[in-house]
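Worksheet: the structure to be examined is printed underneath.
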Amino acid sequence: MPGIATDGPFIPTETIGSISATADTPAISGREVILTPAKWNTEDKRRVGLVPKIRTLNKIGVWFTCPMSNYLQDEVAKRFNLIKSWELASKTEFINHHLESIREIVGNGANGTDSTLIESLPYLEIISSDSSGLDQIDLVKCKERGISVTSTHDTLTDEVADLAITLILATVRRICACDQFVRNGLWKQQDFKLATKVSGKSMGIIGLGRIGSAIAKRIHAFDCPVSYYSRTEKQNSGYNYHPNVIELATNCEILVVACSLTESTYHIINREVIDALGPNGYLINIGRGDHVDEHLIIIIIIIF
């Protein structure tokens with residue numbers, strides 16, 4: 001029977017892929033039998049020369065890029081060595097002394113993992129993002145290294161879609177401006193300028209993914225015709241497809257940005273799109289800030 005020799009008794013194992021599961025789990029409680037890489041083959045991007053090794057679970061390092069909820073940090077600390085990177089006097093020095101133990105990175109949409117951090121951790125196996133977006137993670141480097149990447153991509157779909165509808169109503173109905181009008185006592189001096197309705201207005205959605213589809217489903221209750229732009233046309237979506245953003249903006253009154261941030265969607269809202277949307281159009285960005293050329297928007301606000 002195959003097995004792995006440790007500092008204790010001989011342990012029989014059953015190998016599954018690159019992880020060896022013990023035939024008698026209680027015999028190594030708190031330990032995990034793994035096959036660690038002896039070296040990295042940069043030509044075909046795979047681990048070679050696997051070496052059997054026993055590692056104690058509570059010594060596996062989990063690198064947090066930023067503070068998370070107390071519950072999450074406490075639960076991780078019970079099982080692993082929780083590393084709060086923001087508390088380290090010298091991240092470089094710490095990494096140099098704990099290279100083999102740091103196996104996972106946990107971050108969020110604002111604090112991800114760049115290529116520099118990935119390169120500094122040769123034993124890194126997985127990166128987890130407490131966010132639906134992955135734009136703060138170097139996915140190219142992860143693919144090159146064979147590092148798994150996970151995210152909470154569908155956890156907040158409903159909440160984000162709900163917020164999009166809230167922003168649409170607040171913007172078109174001028175709810176925030178009306179609130180300030182009342183708070184500043186201006187209602188005593190003059191009438192508030194009438195707003196317009198949301199119902200029946202044509203809506204364009206950039207990115208008909210999970211969130212974009214959820215927004216379209218909700219806005220349907222307002223009798224708003226929906227059209228969209230996406231990398232590919234969604235078959236049987238029931239919505240009108242436009243092959244580019246300018247054409248979409250030309251044919252809608254409310255334009256919603258609901259796509260992921262990539263090189264191709266960086267500043268996807270530019271001068272041409274704003275001009276196509278027109279002076280009576282509404283722009284709702286439920287995605288990342290860098291989807292919009294904010295300097296352009298500031299200039300337009302100053303001019304008009």
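All residue names refer to the structure tokens as shown: chains lettered A, B, ... in order, residues numbered from 1 in each chain, ligands numbered from 1 in order.
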Exercise for the section: Among the residues of stretch 20-267 of chain A, find those DSSP assigns to strand (DSSP E) from the backbone and print them as a PyMOL selection string. Expected result: chain A and resi 20-22+31-41+46-56+61-64+81-84+102-107+126-129+148-151+203-206+226-229+240-241+254-257
Exercise for the section: Excluding A:Arg231 and residues on its chain fewer than 6 positions from it, collect all residues at most 12 Å away from it, counting only C-alpha atoms, and give them as a ChimeraX atom specification. Expected result: /A:206-209,241-245,259-260,262,264-265
Exercise for the section: Between atom CA of A:Lys234 and atom CA of A:Ala216, measure the distance and give it in Å to one decimal. Expected result: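 Separation of atom CA of A:Lys234 and atom CA of A:Ala216: 13.2 Å.
Between A:Val76 and the residues A:Val172, A:Leu99, A:Val106, A:Met203, the shortest atom-to-atom distance, using only C-alpha atoms, involves A:Val106.
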Problem - Neighbour list for stretch 297-301 of chain A as a list of chain:residue names, cut-off 12 Å, only C-alpha atoms, skip fewer than 5 positions in-chain - result: A:His267, A:Ile269, A:Asn270, A:Arg271, A:Glu272, A:Val273, A:Ile274, A:Asp275, A:Gly278, A:Pro279, A:Leu283, A:Gly289, A:His291, A:Val292
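The gap separating atom CA of A:Asp162 from atom CA of A:Leu277 is 23.4 Å, in Å to one decimal.
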Practice task
With a distance cut-off of 8 Å and only C-alpha atoms, select the neighbouring residues of A:Ala214, excluding the residue or stretch itself and same-chain residues fewer than 6 positions from it, and output the selection as an MDAnalysis selection string.
Solution key: chainID A and resid 157:158 161
Exercise for the section: May I have the residues within 10 Å of A:Ser148 as a PyMOL selection string, using only C-alpha atoms and disregarding those fewer than 3 positions away in the same chain? Expected result: chain A and resi 104+124-128+139+142-143+145
Got time to write the residues from that selection, N, CA and C atoms, as a PDB file, in the first residue's frame?
```pdb
ATOM      1  N   GLU A 104      -2.382  31.622   0.517  1.00  0.00           N
ATOM      2  CA  GLU A 104      -3.600  32.268   0.032  1.00  0.00           C
ATOM      3  C   GLU A 104      -3.577  33.757   0.318  1.00  0.00           C
ATOM      4  N   LEU A 124       2.210  30.515  -3.496  1.00  0.00           N
ATOM      5  CA  LEU A 124       0.826  30.976  -3.519  1.00  0.00           C
ATOM      6  C   LEU A 124      -0.038  30.037  -4.361  1.00  0.00           C
ATOM      7  N   GLU A 125      -1.203  29.636  -3.823  1.00  0.00           N
ATOM      8  CA  GLU A 125      -2.079  28.687  -4.501  1.00  0.00           C
ATOM      9  C   GLU A 125      -3.425  29.274  -4.899  1.00  0.00           C
ATOM     10  N   ILE A 126      -3.936  30.231  -4.135  1.00  0.00           N
ATOM     11  CA  ILE A 126      -5.279  30.744  -4.406  1.00  0.00           C
ATOM     12  C   ILE A 126      -5.405  32.188  -3.954  1.00  0.00           C
ATOM     13  N   ILE A 127      -6.195  32.964  -4.700  1.00  0.00           N
ATOM     14  CA  ILE A 127      -6.514  34.348  -4.352  1.00  0.00           C
ATOM     15  C   ILE A 127      -8.030  34.455  -4.274  1.00  0.00           C
ATOM     16  N   SER A 128      -8.523  34.949  -3.146  1.00  0.00           N
ATOM     17  CA  SER A 128      -9.960  35.087  -2.938  1.00  0.00           C
ATOM     18  C   SER A 128     -10.317  36.569  -2.819  1.00  0.00           C
ATOM     19  N   LEU A 139      -4.922  38.817 -13.416  1.00  0.00           N
ATOM     20  CA  LEU A 139      -5.405  37.510 -13.853  1.00  0.00           C
ATOM     21  C   LEU A 139      -4.440  36.839 -14.828  1.00  0.00           C
ATOM     22  N   CYS A 142      -1.866  35.199 -12.731  1.00  0.00           N
ATOM     23  CA  CYS A 142      -2.460  34.046 -12.041  1.00  0.00           C
ATOM     24  C   CYS A 142      -2.570  32.854 -12.990  1.00  0.00           C
ATOM     25  N   LYS A 143      -2.991  33.109 -14.216  1.00  0.00           N
ATOM     26  CA  LYS A 143      -3.108  32.036 -15.204  1.00  0.00           C
ATOM     27  C   LYS A 143      -1.745  31.451 -15.522  1.00  0.00           C
ATOM     28  N   ARG A 145       0.811  31.337 -13.545  1.00  0.00           N
ATOM     29  CA  ARG A 145       1.319  30.593 -12.397  1.00  0.00           C
ATOM     30  C   ARG A 145       0.426  29.415 -11.996  1.00  0.00           C
TER      31      ARG A 145
END
```
Exercise for the section: Could you tell me which of A:Gln190, A:Asn184, A:Thr152, A:Ser69 comes closest to A:Asp130 if we count only C-alpha atoms? Expected result: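 Of A:Gln190, A:Asn184, A:Thr152, A:Ser69, the one nearest A:Asp130 is A:Thr152, counting only C-alpha atoms.
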Handout entry: Residue with smallest distance to A:Leu169 - pool A:Thr196, A:Asn111, A:Ser151, A:Asn251, counting only C-alpha atoms
Key = A:Thr196
Practice task
Mind the document's chain letters and residue numbers, and return as a PyMOL selection string the residues of stretch 76-299 of chain A that DSSP labels helix (DSSP H, G or I).
Solution key: chain A and resi 76-79+85-87+91-97+115-120+139-145+157-172+175-183+186-188+210-222+245-250+271-277+289-291+294-299
Exercise for the section: Enter the distance from atom CA of A:Tyr239 to atom CA of A:Cys224, in Å, rounded to one decimal. Expected result: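 Atom-to-atom, atom CA of A:Tyr239 to atom CA of A:Cys224, that is 11.1 Å.
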Exercise for the section: Show which residues sit within 9 Å of A:Ala276, as number ranges by chain. Count only C-alpha atoms, and ignore same-chain residues fewer than 6 positions away. Expected result: A: 246-251
Exercise for the section: Extract, using only C-alpha atoms, all DNA, RNA and protein residues at most 9 Å from A:Glu100, discarding same-chain residues fewer than 4 positions from it, and format them as a ChimeraX atom specification. Expected result: /A:60-61,121-124
